[in-house]
file my_file.cif (mmCIF, C-alpha atoms)
data_model
loop_
_atom_site.label_atom_id
_atom_site.label_comp_id
_atom_site.auth_asym_id
_atom_site.auth_seq_id
_atom_site.Cartn_x
_atom_site.Cartn_y
_atom_site.Cartn_z
CA MET A 1095 114.22 75.72 158.37
CA SER A 1096 111.97 75.70 161.39
CA ALA A 1097 109.04 73.38 161.91
CA ARG A 1098 105.89 74.37 160.08
CA GLY A 1099 103.70 72.95 162.83
CA ASP A 1100 104.07 71.67 166.36
CA ASP A 1101 102.13 68.48 165.72
CA PRO A 1102 103.38 66.37 162.81
CA THR A 1103 100.14 64.37 162.86
CA GLY A 1104 97.78 67.24 163.66
CA ALA A 1105 94.56 68.14 161.93
CA VAL A 1106 94.69 70.35 158.86
CA GLU A 1107 94.52 74.07 159.55
CA ASP A 1108 92.10 76.36 157.72
CA GLU A 1109 94.72 77.79 155.38
CA GLU A 1110 96.45 75.43 152.97
CA PRO A 1111 100.19 75.76 152.44
CA PRO A 1112 101.13 76.68 148.86
CA ASP A 1113 102.43 74.35 146.16
CA LEU A 1114 101.24 71.05 147.55
CA PRO A 1115 102.18 68.10 145.35
CA GLU A 1116 99.39 66.23 143.63
CA TYR A 1117 99.84 62.48 143.96
CA GLY A 1118 97.00 61.36 141.70
CA ASP A 1119 96.10 58.93 144.47
CA ASP A 1120 93.10 59.66 146.68
CA TYR A 1121 94.63 57.99 149.72
CA LEU A 1122 98.02 59.72 149.47
CA ASP A 1123 96.29 63.03 148.81
CA ALA A 1124 94.27 62.54 152.01
CA VAL A 1125 97.45 61.81 153.96
CA ARG A 1126 99.10 64.85 152.38
CA ASP A 1127 96.30 67.06 153.66
CA ARG A 1128 96.87 65.77 157.19
CA ILE A 1129 100.61 66.40 157.31
CA ALA A 1130 101.17 69.29 154.88
CA HIS A 1131 101.46 71.89 157.65
CA SER A 1132 104.34 70.02 159.26
CA TYR A 1133 106.27 68.34 156.45
CA ASP A 1134 107.84 69.68 153.29
CA LEU A 1135 106.47 67.19 150.76
CA GLU A 1136 107.65 65.87 147.40
CA ARG A 1137 106.37 63.25 144.98
CA ASP A 1138 108.20 60.50 143.11
CA SER A 1139 111.36 60.70 145.17
CA ARG A 1140 114.31 58.44 144.37
CA THR A 1141 116.76 57.63 147.13
CA ARG A 1142 119.69 55.28 146.58
CA GLY A 1143 117.92 53.62 143.71
CA GLU A 1144 114.66 53.20 145.67
CA ARG A 1145 111.48 54.95 144.51
CA PHE A 1146 108.91 56.40 146.90
CA GLU A 1147 105.65 58.00 145.83
CA MET A 1148 105.83 60.43 148.74
CA TYR A 1149 108.76 61.98 150.59
CA GLY A 1150 108.45 64.38 153.49
CA ARG A 1151 110.92 66.25 155.66
CA LEU A 1152 110.18 67.73 159.06
CA HIS A 1153 112.73 69.98 160.76
CA MET A 1154 112.31 71.45 164.23
CA ASP A 1155 114.54 73.84 166.16
CA ARG A 1156 114.22 74.19 169.91
CA HIS A 1157 116.07 76.37 172.39
CA LYS A 1158 115.75 77.66 175.93
CA GLN A 1159 115.01 81.33 176.32
CA PHE A 1160 115.91 83.71 179.15
CA PHE A 1161 113.47 86.65 179.48
CA HIS A 1162 114.02 87.83 175.91
CA PRO A 1163 114.06 85.95 172.58
CA ALA A 1164 117.53 87.33 171.82
CA LEU A 1165 118.92 85.60 174.92
CA ARG A 1166 118.87 82.01 173.70
CA PHE A 1167 120.84 78.97 174.79
CA GLY A 1168 120.58 75.20 174.75
CA HIS A 1169 119.74 75.02 171.01
CA HIS A 1170 118.81 71.58 169.68
CA TYR A 1171 117.27 70.41 166.44
CA SER A 1172 115.28 67.41 165.33
CA GLU A 1173 114.50 66.00 161.89
CA GLU A 1174 112.32 63.35 160.36
CA HIS A 1175 112.58 61.90 156.87
CA LEU A 1176 109.34 60.24 155.76
CA PHE A 1177 109.31 57.78 152.86
CA VAL A 1178 106.04 56.35 151.53
CA ARG A 1179 105.60 53.72 148.83
CA ARG A 1180 102.83 51.54 147.49
CA ALA A 1181 103.47 47.81 147.12
CA ASP A 1182 101.47 44.82 145.95
CA ASP A 1183 102.69 42.89 148.99
CA VAL A 1184 104.99 43.36 151.96
CA ASP A 1185 107.06 40.78 153.79
CA GLU A 1186 109.79 40.72 156.41
CA ALA A 1187 112.57 40.80 153.80
CA ALA A 1188 111.17 43.98 152.24
CA LEU A 1189 110.92 45.62 155.67
CA GLU A 1190 114.45 44.61 156.60
CA SER A 1191 115.65 46.15 153.32
CA LEU A 1192 114.05 49.45 154.33
CA VAL A 1193 115.72 49.27 157.74
CA THR A 1194 119.08 48.82 156.03
CA LEU A 1195 118.32 51.82 153.83
CA GLY A 1196 117.55 53.85 156.94
CA HIS A 1197 120.95 53.05 158.43
CA ASP A 1198 122.69 53.88 155.14
CA LEU A 1199 120.92 57.23 154.99
CA ALA A 1200 121.75 57.97 158.62
CA GLU A 1201 125.42 57.52 157.87
CA ALA A 1202 125.22 59.73 154.79
CA TRP A 1203 122.78 62.43 155.90
CA ILE A 1204 123.38 63.06 159.61
CA ASP A 1205 126.09 65.55 160.46
CA PRO A 1206 126.27 64.82 164.19
CA ASP A 1207 127.14 67.58 166.63
CA GLU A 1208 126.21 68.74 170.11
CA GLU A 1209 123.01 70.41 168.85
CA HIS A 1210 121.62 67.31 167.15
CA TYR A 1211 118.88 65.68 169.24
CA ILE A 1212 117.21 63.13 166.98
CA THR A 1213 116.81 62.21 163.32
CA GLU A 1214 114.05 59.77 162.40
CA PHE A 1215 113.80 57.74 159.21
CA THR A 1216 110.20 56.59 158.85
CA PHE A 1217 109.22 54.15 156.10
CA VAL A 1218 105.56 53.59 155.25
CA VAL A 1219 104.41 50.76 152.98
CA VAL A 1220 100.86 51.04 151.61
CA ALA A 1221 99.61 47.59 150.59
CA PRO A 1222 96.32 45.77 149.93
CA GLU A 1223 96.74 43.70 153.09
CA VAL A 1224 98.77 43.71 156.30
CA PRO A 1225 100.14 40.15 156.40
CA ALA A 1226 100.48 38.52 159.80
CA ALA A 1227 104.27 38.18 159.46
CA ALA A 1228 104.67 41.85 158.57
CA SER A 1229 102.37 42.87 161.42
CA SER A 1230 104.37 40.83 163.91
CA PHE A 1231 107.68 42.23 162.66
CA VAL A 1232 106.57 45.87 162.70
CA SER A 1233 104.66 45.83 166.00
CA GLY A 1234 107.70 44.51 167.85
CA PHE A 1235 110.22 46.68 166.04
CA ARG A 1236 112.38 49.45 167.41
CA ASP A 1237 115.78 50.51 166.10
CA ARG A 1238 117.50 53.31 168.02
CA THR A 1239 121.16 54.18 167.54
CA LEU A 1240 123.09 56.51 169.85
CA LEU A 1241 125.64 58.81 168.26
CA ARG A 1242 128.84 59.03 170.26
CA GLY A 1243 127.15 57.44 173.24
CA GLY A 1244 124.26 59.91 172.99
CA TYR A 1245 126.44 63.01 173.18
CA TYR A 1246 125.47 63.79 169.58
CA GLY A 1247 121.90 62.62 170.05
CA HIS A 1248 120.54 59.56 168.26
CA TYR A 1249 118.57 58.36 165.27
CA GLU A 1250 115.60 56.05 164.90
CA VAL A 1251 114.36 53.88 162.07
CA ASN A 1252 110.55 53.55 162.13
CA LEU A 1253 108.21 51.30 160.14
CA VAL A 1254 104.53 51.53 159.21
CA VAL A 1255 102.45 49.14 157.11
CA VAL A 1256 98.96 50.27 156.17
CA ALA A 1257 96.11 48.74 154.15
CA PRO A 1258 93.67 51.65 153.80
CA GLU A 1259 90.97 49.68 151.99
CA ARG A 1260 90.98 47.22 154.90
CA GLU A 1261 91.21 50.08 157.41
CA ARG A 1262 94.16 48.41 159.05
CA ALA A 1263 97.59 49.72 160.02
CA VAL A 1264 100.49 48.59 162.16
CA ALA A 1265 103.37 50.81 163.29
CA SER A 1266 106.54 50.51 165.29
CA SER A 1267 106.52 52.18 168.69
CA GLU A 1268 108.12 55.52 167.74
CA ALA A 1269 106.30 56.09 164.43
CA ASP A 1270 104.12 59.00 165.58
CA VAL A 1271 103.14 59.97 162.04
CA ALA A 1272 101.29 56.65 161.67
CA GLN A 1273 98.18 58.37 163.02
CA ALA A 1274 98.00 60.47 159.86
CA PHE A 1275 97.88 57.32 157.72
CA ARG A 1276 94.78 56.02 159.53
CA THR A 1277 92.59 58.26 157.41
CA TRP A 1278 89.47 56.33 158.45
CA GLU A 1279 89.95 57.58 162.04
CA GLN A 1280 89.96 60.99 163.67
CA ILE A 1281 93.42 61.89 164.91
CA GLU A 1282 93.64 61.59 168.67
CA ARG A 1283 96.49 62.64 170.92
CA THR A 1284 97.13 59.58 173.06
CA GLY A 1285 100.71 60.28 174.06
CA PRO A 1286 103.66 62.62 173.57
CA GLY A 1287 104.67 63.22 170.00
CA VAL A 1288 108.12 64.06 168.73
CA VAL A 1289 107.85 67.73 169.76
CA GLU A 1290 106.77 66.88 173.29
CA ARG A 1291 109.59 64.36 173.62
CA LEU A 1292 112.07 66.95 172.41
CA VAL A 1293 110.83 69.62 174.83
CA ARG A 1294 110.86 67.20 177.77
CA TRP A 1295 114.41 66.15 176.93
CA ILE A 1296 115.68 69.74 176.68
CA TRP A 1297 114.10 70.84 179.96
CA ARG A 1298 114.86 67.79 182.05
#
call {"tool": "encode", "arguments": {"input": "my_file.cif", "output": "structure tokens"}}
result
Amino acid sequence: MSARGDDPTGAVEDEEPPDLPEYGDDYLDAVRDRIAHSYDLERDSRTRGERFEMYGRLHMDRHKQFFHPALRFGHHYSEEHLFVRRADDVDEAALESLVTLGHDLAEAWIDPDEEHYITEFTFVVVAPEVPAAASSFVSGFRDRTLLRGGYYGHYEVNLVVVAPERERAVASSEADVAQAFRTWEQIERTGPGVVERLVRWIWR
């Protein structure tokens, strides 16, 4: 499956994709509308005994092309798995548990080969507040694992904590989709997203 949009956090296009899940949650529905053209979305997903109100998958294929589309080479692909849950509170232990889940899923879901560039596991916790301890943990977090020394690409575990009623969010450095969860702000392109990073890597 190819990417359904070049910007996973881009503004909604005029035409809605079919069969969008209804979350029965005004905030999650607003997020859905922002990312529906890039992610295949599900509701009430269960993964290894963990429940998430929203699950999304983004898959992108990239290749170099020589004069004609049939003459392709240098194929690479990228994926992101997005998990979103609501919680009454969030602390460092809960975030560390999600990181562990990300590593478990990477071992089970990634089939590494020469064409694999990156797989991202992004966990978003929607809570009434963003506690100081959680903010400190997430803002300084990055977890990147090379596969076979980078020959088979790598994977990232990303974290986002958002309190929409407080209009506050904190995200780890590589969590590009966090922009879509700041529904109280217009989306702005302040740096390269996952597509741009992929293209730069392929053509370097």
call {"tool": "atom_distance", "arguments": {"input": "my_file.cif", "atom1": "atom CA of A:Val1218", "atom2": "atom CA of A:Val1255"}}
result
5.7 Å
call {"tool": "resolve_selection", "arguments": {"input": "my_file.cif", "expression": "the PyMOL selection byres ((chain A and resi 1123) around 12)", "output": "MDAnalysis selection string"}}
result
chainID A and resid 1114:1122 1124:1130 1135:1137 1147:1148 1274:1275 1277
call {"tool": "resolve_selection", "arguments": {"input": "my_file.cif", "expression": "the PyMOL selection byres ((chain A and resi 1265) around 9)", "output": "list in words"}}
result
Val1218, Ser1229, Val1232, Ser1233, Gly1234, Phe1235, Asn1252, Leu1253, Val1254, Val1255, Val1256, Ala1263, Val1264, Ser1266, Ser1267, Glu1268, Ala1269, Asp1270 and Ala1272 of chain A
call {"tool": "closest_residue", "arguments": {"input": "my_file.cif", "among": "A:Leu1152, A:Ala1257, A:Val1178, A:Ala1228", "to": "A:Glu1190", "atoms": "all atoms listed in the file"}}
result
A:Ala1228
call {"tool": "atom_distance", "arguments": {"input": "my_file.cif", "atom1": "atom CA of A:Arg1179", "atom2": "atom CA of A:Val1193"}}
result
14.2 Å
call {"tool": "atom_distance", "arguments": {"input": "my_file.cif", "atom1": "atom CA of A:Thr1213", "atom2": "atom CA of A:Tyr1246"}}
result
10.8 Å
call {"tool": "closest_residue", "arguments": {"input": "my_file.cif", "among": "A:Glu1209, A:Glu1144, A:Asp1134, A:Asp1185", "to": "A:His1170", "atoms": "all atoms listed in the file"}}
result
A:Glu1209
call {"tool": "axis_aligned_box", "arguments": {"input": "my_file.cif", "around": "stretch 1275-1279 of chain A", "padding_each_side": "6 Å", "output": "AutoDock Vina command-line options"}}
result
--center_x 93.7 --center_y 57.1 --center_z 159.7 --size_x 20.4 --size_y 14.2 --size_z 16.6
call {"tool": "resolve_selection", "arguments": {"input": "my_file.cif", "expression": "the PyMOL selection byres ((chain A and resi 1197) around 10)", "output": "CSV table (one decimal) with C-alpha atoms, in the frame of the given file"}}
result
chain,number,residue,atom,x,y,z
A,1192,LEU,CA,114.0,49.4,154.3
A,1193,VAL,CA,115.7,49.3,157.7
A,1194,THR,CA,119.1,48.8,156.0
A,1195,LEU,CA,118.3,51.8,153.8
A,1196,GLY,CA,117.6,53.8,156.9
A,1198,ASP,CA,122.7,53.9,155.1
A,1199,LEU,CA,120.9,57.2,155.0
A,1200,ALA,CA,121.8,58.0,158.6
A,1201,GLU,CA,125.4,57.5,157.9
A,1202,ALA,CA,125.2,59.7,154.8
A,1203,TRP,CA,122.8,62.4,155.9
A,1215,PHE,CA,113.8,57.7,159.2
A,1237,ASP,CA,115.8,50.5,166.1
A,1239,THR,CA,121.2,54.2,167.5
A,1249,TYR,CA,118.6,58.4,165.3
A,1250,GLU,CA,115.6,56.0,164.9
A,1251,VAL,CA,114.4,53.9,162.1
call {"tool": "residues_near_point", "arguments": {"input": "my_file.cif", "point": "(96.6, 44.7, 149.4)", "cutoff": "10 Å", "atoms": "all atoms listed in the file", "output": "PyMOL selection string"}}
result
chain A and resi 1180-1184+1220-1225+1256-1260
call {"tool": "closest_residue", "arguments": {"input": "my_file.cif", "among": "A:Ser1139, A:Tyr1133, A:Leu1240, A:Met1154", "to": "A:Pro1206", "atoms": "only C-alpha atoms"}}
result
A:Leu1240
